[in-house]
>>> print(open('query02.tsv').read())   # TSV, C-alpha atoms
chain	number	residue	atom	x	y	z
X	1	MET	CA	134.63	162.72	71.88
X	2	VAL	CA	136.11	166.16	72.45
X	3	ASP	CA	139.59	164.66	72.32
X	4	GLU	CA	138.65	162.85	69.13
X	5	LEU	CA	137.44	166.15	67.69
X	6	ARG	CA	140.74	167.77	68.63
X	7	ALA	CA	142.60	164.93	66.91
X	8	LEU	CA	140.55	165.57	63.77
X	9	VAL	CA	141.47	169.25	63.91
X	10	ARG	CA	145.16	168.34	64.14
X	11	SER	CA	144.75	165.94	61.24
X	12	GLN	CA	143.02	168.64	59.20
X	13	GLN	CA	145.82	171.11	59.92
X	14	GLU	CA	148.45	168.56	58.92
X	15	ASP	CA	146.55	167.76	55.74
X	16	ALA	CA	146.21	171.48	54.96
X	17	ALA	CA	149.99	171.88	55.32
X	18	GLU	CA	150.55	168.86	53.08
X	19	SER	CA	148.10	170.26	50.53
X	20	ASP	CA	150.05	173.53	50.45
X	21	ARG	CA	153.27	171.55	49.99
X	22	LEU	CA	151.82	169.58	47.08
X	23	HIS	CA	150.59	172.74	45.38
X	24	ARG	CA	154.03	174.35	45.76
X	25	LEU	CA	155.59	171.22	44.28
X	26	ASP	CA	153.14	171.34	41.38
X	27	ALA	CA	154.05	174.98	40.72
X	28	ASP	CA	157.76	174.08	40.76
X	29	VAL	CA	157.23	171.14	38.40
X	30	ALA	CA	155.20	173.38	36.06
X	31	GLU	CA	158.04	175.93	36.07
X	32	LEU	CA	160.61	173.22	35.38
X	33	ARG	CA	158.49	171.82	32.56
X	34	ALA	CA	158.09	175.23	30.91
X	35	ARG	CA	161.84	175.82	31.02
X	36	ALA	CA	162.63	172.30	29.79
X	37	GLU	CA	160.24	172.77	26.87
X	38	VAL	CA	162.04	176.00	25.89
X	39	ILE	CA	165.39	174.18	25.92
X	40	ALA	CA	164.02	171.18	24.02
X	41	ALA	CA	162.49	173.44	21.36
X	42	PHE	CA	165.78	175.32	20.99
X	43	PHE	CA	167.86	172.22	20.44
X	44	ALA	CA	165.25	170.64	18.18
X	45	SER	CA	165.82	173.47	15.70
X	46	GLU	CA	169.47	174.16	16.59
X	47	ARG	CA	171.04	172.64	13.45
X	48	ALA	CA	168.65	174.40	11.07
X	49	GLN	CA	169.12	177.69	12.90
X	50	ASP	CA	172.89	177.33	12.91
X	51	GLU	CA	172.97	176.61	9.18
X	52	ARG	CA	170.73	179.59	8.45
X	53	LEU	CA	172.88	181.95	10.51
X	54	ARG	CA	176.08	180.65	8.90
X	55	ARG	CA	174.56	181.22	5.46
X	56	GLU	CA	173.55	184.74	6.37
X	57	GLU	CA	177.05	185.47	7.68
X	58	GLU	CA	178.63	184.06	4.51
X	59	GLU	CA	176.30	186.07	2.30
X	60	ALA	CA	177.03	189.21	4.30
X	61	GLY	CA	180.76	188.52	3.93
X	62	ALA	CA	180.33	188.09	0.19
X	63	GLY	CA	178.39	191.35	0.08
X	64	LEU	CA	181.23	193.15	1.83
X	65	ALA	CA	183.74	191.66	-0.62
X	66	ARG	CA	181.63	192.97	-3.52
X	67	GLY	CA	181.54	196.37	-1.83
X	68	ASP	CA	185.32	196.36	-1.48
X	69	ALA	CA	185.71	195.44	-5.13
X	70	GLU	CA	183.27	198.15	-6.19
X	71	LEU	CA	185.22	200.74	-4.21
X	72	VAL	CA	188.56	199.62	-5.65
X	73	ALA	CA	187.15	199.82	-9.16
X	74	ALA	CA	185.75	203.32	-8.51
X	75	GLU	CA	189.07	204.53	-7.12
X	76	ALA	CA	190.88	203.06	-10.14
X	77	GLU	CA	188.43	204.88	-12.42
X	78	LEU	CA	189.20	208.14	-10.62
X	79	ALA	CA	192.92	207.53	-11.09
X	80	ARG	CA	192.36	207.08	-14.83
X	81	ALA	CA	190.15	210.17	-15.19
X	82	ARG	CA	191.39	212.53	-17.90
X	83	ASN	CA	189.13	215.50	-17.31
X	84	ASP	CA	186.78	217.11	-14.82
X	85	THR	CA	183.72	215.28	-16.18
X	86	GLU	CA	185.34	211.87	-15.81
X	87	ARG	CA	186.67	212.83	-12.39
X	88	GLY	CA	183.19	213.96	-11.28
X	89	LEU	CA	181.59	210.71	-12.44
X	90	ALA	CA	184.30	208.66	-10.75
X	91	GLU	CA	183.89	210.57	-7.49
X	92	GLN	CA	180.14	209.92	-7.60
X	93	ARG	CA	180.85	206.26	-8.13
X	94	ILE	CA	183.27	206.25	-5.18
X	95	THR	CA	180.60	207.83	-2.96
X	96	ARG	CA	178.07	205.17	-3.95
X	97	ALA	CA	180.63	202.40	-3.51
X	98	ARG	CA	181.50	203.65	-0.02
X	99	ASP	CA	177.80	203.75	0.89
X	100	HIS	CA	177.33	200.22	-0.42
X	101	ARG	CA	180.40	199.03	1.47
X	102	ASP	CA	179.22	200.66	4.73
X	103	VAL	CA	175.85	198.95	4.44
X	104	ALA	CA	177.52	195.61	3.68
X	105	SER	CA	179.89	196.04	6.62
X	106	GLN	CA	177.02	196.76	9.00
X	107	THR	CA	175.10	193.76	7.65
X	108	LEU	CA	178.10	191.50	8.25
X	109	GLU	CA	178.61	192.90	11.73
X	110	ARG	CA	174.99	192.18	12.63
X	111	ALA	CA	175.21	188.67	11.18
X	112	VAL	CA	178.38	187.93	13.19
X	113	GLU	CA	176.80	189.28	16.38
X	114	THR	CA	173.59	187.29	15.81
X	115	ARG	CA	175.45	184.02	15.31
X	116	ALA	CA	177.68	184.70	18.32
X	117	ALA	CA	174.59	185.36	20.46
X	118	PHE	CA	173.04	182.13	19.18
X	119	GLU	CA	176.16	180.16	20.11
X	120	ARG	CA	176.22	181.77	23.57
X	121	GLU	CA	172.57	180.85	24.09
X	122	ALA	CA	173.26	177.27	22.99
X	123	ALA	CA	176.12	177.00	25.49
X	124	GLU	CA	174.04	178.52	28.30
X	125	LEU	CA	171.09	176.21	27.66
X	126	ALA	CA	173.36	173.17	27.44
X	127	ALA	CA	174.80	174.14	30.85
X	128	GLU	CA	171.31	174.74	32.27
X	129	LEU	CA	169.99	171.29	31.35
X	130	PRO	CA	172.00	169.36	34.00
X	131	ARG	CA	170.79	171.84	36.63
X	132	LEU	CA	167.20	171.18	35.58
X	133	GLU	CA	167.82	167.44	35.78
X	134	ARG	CA	169.18	167.81	39.33
X	135	TRP	CA	166.18	169.94	40.28
X	136	ALA	CA	163.86	167.32	38.81
X	137	GLY	CA	165.55	164.69	40.98
X	138	GLU	CA	165.01	166.82	44.09
X	139	LEU	CA	161.35	167.37	43.20
X	140	ALA	CA	160.82	163.68	42.47
X	141	ALA	CA	162.11	162.79	45.94
X	142	ALA	CA	159.44	165.07	47.46
X	143	ILE	CA	156.54	163.76	45.36
X	144	PRO	CA	154.53	160.89	46.90
X	145	GLY	CA	155.27	157.88	44.72
X	146	GLY	CA	157.19	160.07	42.30
X	147	ALA	CA	159.60	158.38	39.91
X	148	ALA	CA	162.98	160.06	39.48
X	149	PRO	CA	163.86	161.24	35.97
X	150	ASP	CA	166.10	158.78	34.18
X	151	GLY	CA	167.91	161.25	31.95
X	152	GLY	CA	165.19	161.15	29.32
X	153	ASP	CA	162.62	163.71	28.25
X	154	LEU	CA	162.21	166.22	31.08
X	155	PRO	CA	158.91	167.67	29.79
X	156	ASP	CA	157.53	164.13	29.66
X	157	TRP	CA	158.75	163.43	33.21
X	158	ALA	CA	157.19	166.70	34.38
X	159	SER	CA	153.84	165.70	32.84
X	160	ARG	CA	153.92	162.40	34.73
X	161	ALA	CA	154.98	164.15	37.93
X	162	ARG	CA	152.10	166.61	37.70
X	163	ALA	CA	149.69	163.71	37.15
X	164	GLU	CA	151.06	162.03	40.29
X	165	LEU	CA	150.70	165.27	42.23
X	166	PHE	CA	147.13	165.65	41.00
X	167	VAL	CA	146.27	162.15	42.25
X	168	ALA	CA	147.93	162.80	45.61
X	169	ALA	CA	146.18	166.15	46.01
X	170	SER	CA	142.82	164.64	45.04
X	171	GLN	CA	143.20	161.86	47.61
X	172	LEU	CA	144.19	164.42	50.22
X	173	ASP	CA	141.20	166.63	49.38
X	174	ALA	CA	138.87	163.64	49.72
X	175	ARG	CA	140.37	162.82	53.13
X	176	ARG	CA	140.00	166.44	54.23
X	177	GLU	CA	136.34	166.36	53.20
X	178	ARG	CA	135.82	163.20	55.25
X	179	THR	CA	137.54	164.86	58.20
X	180	VAL	CA	135.23	167.88	57.93
X	181	LEU	CA	132.17	165.64	57.85
X	182	GLU	CA	133.40	163.52	60.76
X	183	ALA	CA	134.28	166.58	62.85
X	184	ASN	CA	130.90	168.14	62.24
X	185	GLY	CA	129.19	164.84	63.02
X	186	ILE	CA	130.91	164.71	66.42
X	187	ALA	CA	130.22	168.40	67.13
X	188	THR	CA	126.58	168.01	66.13
X	189	ALA	CA	126.20	165.01	68.44
X	190	LEU	CA	127.79	166.89	71.36
X	191	LEU	CA	125.89	170.12	70.88
X	192	GLY	CA	122.56	168.68	69.86
X	193	GLU	CA	122.43	171.07	66.93
X	194	SER	CA	123.90	171.00	63.45
X	195	THR	CA	127.37	172.45	62.85
X	196	TYR	CA	127.56	171.31	59.23
X	197	GLY	CA	129.21	173.96	57.06
X	198	SER	CA	131.80	174.66	59.77
X	199	THR	CA	135.47	173.84	59.54
X	200	PRO	CA	136.81	171.36	62.12
X	201	GLU	CA	138.42	174.29	63.95
X	202	GLN	CA	135.12	176.16	64.06
X	203	ALA	CA	133.24	173.05	65.19
X	204	LEU	CA	135.80	172.46	67.97
X	205	ALA	CA	135.58	176.09	69.09
X	206	ARG	CA	131.77	175.77	69.41
X	207	VAL	CA	132.11	172.55	71.39
X	208	GLU	CA	134.73	174.03	73.72
X	209	ARG	CA	132.55	177.08	74.36
X	210	TYR	CA	129.67	174.74	75.08
X	211	CYS	CA	131.78	172.68	77.49
X	212	GLU	CA	132.92	175.83	79.29
X	213	SER	CA	129.35	177.01	79.69
X	214	THR	CA	128.11	173.57	80.86
X	215	PRO	CA	130.97	172.08	82.91
X	216	GLY	CA	128.88	169.09	83.89
X	217	GLN	CA	128.94	167.92	80.30
X	218	VAL	CA	132.72	167.94	79.97
X	219	SER	CA	133.46	164.67	81.75
X	220	GLU	CA	130.58	162.95	79.94
X	221	SER	CA	131.73	164.15	76.53
X	222	ARG	CA	135.21	162.85	77.20
>>> encode(input="query02.tsv", output="structure tokens")
Amino acid sequence: MVDELRALVRSQQEDAAESDRLHRLDADVAELRARAEVIAAFFASERAQDERLRREEEEAGAGLARGDAELVAAEAELARARNDTERGLAEQRITRARDHRDVASQTLERAVETRAAFEREAAELAAELPRLERWAGELAAAIPGGAAPDGGDLPDWASRARAELFVAASQLDARRERTVLEANGIATALLGESTYGSTPEQALARVERYCESTPGQVSESR
């Protein structure tokens, strides 16, 4: 019975290691799912976003063209000025036109940078997706009964994988509970007193101390 108790302790330790492995897998699948959802959301709105950014860049370009035209007109007005009053008004108009053009130029620069950043992000996410798919395949191979992703919806696969992990972990937890009860049942029978509430390791330690203190019981218990 002592040997049987030791076997239960080994089983409990193996199950504890497997439980840790399943929880790590679940954390990895959750991380993969979160990232896949970000990528899916990005590409779901990619066309609309791209069109909006192109429109903003075109409008900013048109604004800069209007600023250029305003400045040219103001400079032409200065060239036509016939007196100090006309020259003063034209110079004021040139100052305003230059301010308008500077603002328009900065707006266009920001629009160009924003669209370029969007295109870089799209390229990076497109390159990341195959890596996520490979990672999903590796995780699937480590999940008990896990189905490998078939190139479809990664968030959907991750949801199924987490469900499979939950079932596996639940079954493992139930087996660990049975092991605890069985180990305590054996220890209680050997000691003649209840050990319920102890882990299998604790129950075994109590039995081994008992066997050491009552050597005559060792051969009988085995």
>>> residues_around(input="query02.tsv", residues="X:Ser170", least_positions_apart="6", cutoff="10 Å", atoms="all atoms listed in the file", output="ChimeraX atom specification")
/X:19,164,176
>>> closest_residue(input="query02.tsv", among="X:Ala90, X:Val38, X:Met1, X:Leu78", to="X:Leu129", atoms="all atoms listed in the file")
X:Val38
>>> closest_residue(input="query02.tsv", among="X:Ala140, X:Val167, X:Leu25, X:Leu89", to="X:Ala74", atoms="all atoms listed in the file")
X:Leu89
>>> residues_around(input="query02.tsv", residues="X:His100", least_positions_apart="4", cutoff="8 Å", atoms="all atoms listed in the file", output="list in words")
Gly67, Arg96 and Ala104 of chain X
>>> residues_around(input="query02.tsv", residues="X:Gln92", least_positions_apart="6", cutoff="12 Å", atoms="all atoms listed in the file", output="list in words")
Leu71, Ala74, Glu75, Glu77, Leu78, Thr85, Glu86, Arg98 and Asp99 of chain X
>>> atom_distance(input="query02.tsv", atom1="atom CA of X:Glu51", atom2="atom CA of X:Glu113")
15.1 Å
>>> atom_distance(input="query02.tsv", atom1="atom CA of X:Leu181", atom2="atom CA of X:Gln12")
11.3 Å
>>> atom_distance(input="query02.tsv", atom1="atom CA of X:Leu139", atom2="atom CA of X:Ala169")
15.5 Å
>>> residues_near_point(input="query02.tsv", point="(179.6, 183.4, 13.9)", cutoff="12 Å", atoms="all atoms listed in the file", output="mmCIF file with C-alpha atoms, in the coordinates of the input")
data_model
loop_
_atom_site.group_PDB
_atom_site.id
_atom_site.type_symbol
_atom_site.label_atom_id
_atom_site.label_comp_id
_atom_site.auth_asym_id
_atom_site.auth_seq_id
_atom_site.Cartn_x
_atom_site.Cartn_y
_atom_site.Cartn_z
ATOM 1 C CA GLN X 49 169.120 177.690 12.900
ATOM 2 C CA ASP X 50 172.890 177.330 12.910
ATOM 3 C CA GLU X 51 172.970 176.610 9.180
ATOM 4 C CA ARG X 52 170.730 179.590 8.450
ATOM 5 C CA LEU X 53 172.880 181.950 10.510
ATOM 6 C CA ARG X 54 176.080 180.650 8.900
ATOM 7 C CA ARG X 55 174.560 181.220 5.460
ATOM 8 C CA GLU X 56 173.550 184.740 6.370
ATOM 9 C CA GLU X 57 177.050 185.470 7.680
ATOM 10 C CA GLU X 58 178.630 184.060 4.510
ATOM 11 C CA ALA X 60 177.030 189.210 4.300
ATOM 12 C CA GLY X 61 180.760 188.520 3.930
ATOM 13 C CA LEU X 108 178.100 191.500 8.250
ATOM 14 C CA GLU X 109 178.610 192.900 11.730
ATOM 15 C CA ARG X 110 174.990 192.180 12.630
ATOM 16 C CA ALA X 111 175.210 188.670 11.180
ATOM 17 C CA VAL X 112 178.380 187.930 13.190
ATOM 18 C CA GLU X 113 176.800 189.280 16.380
ATOM 19 C CA THR X 114 173.590 187.290 15.810
ATOM 20 C CA ARG X 115 175.450 184.020 15.310
ATOM 21 C CA ALA X 116 177.680 184.700 18.320
ATOM 22 C CA ALA X 117 174.590 185.360 20.460
ATOM 23 C CA PHE X 118 173.040 182.130 19.180
ATOM 24 C CA GLU X 119 176.160 180.160 20.110
ATOM 25 C CA ARG X 120 176.220 181.770 23.570
#
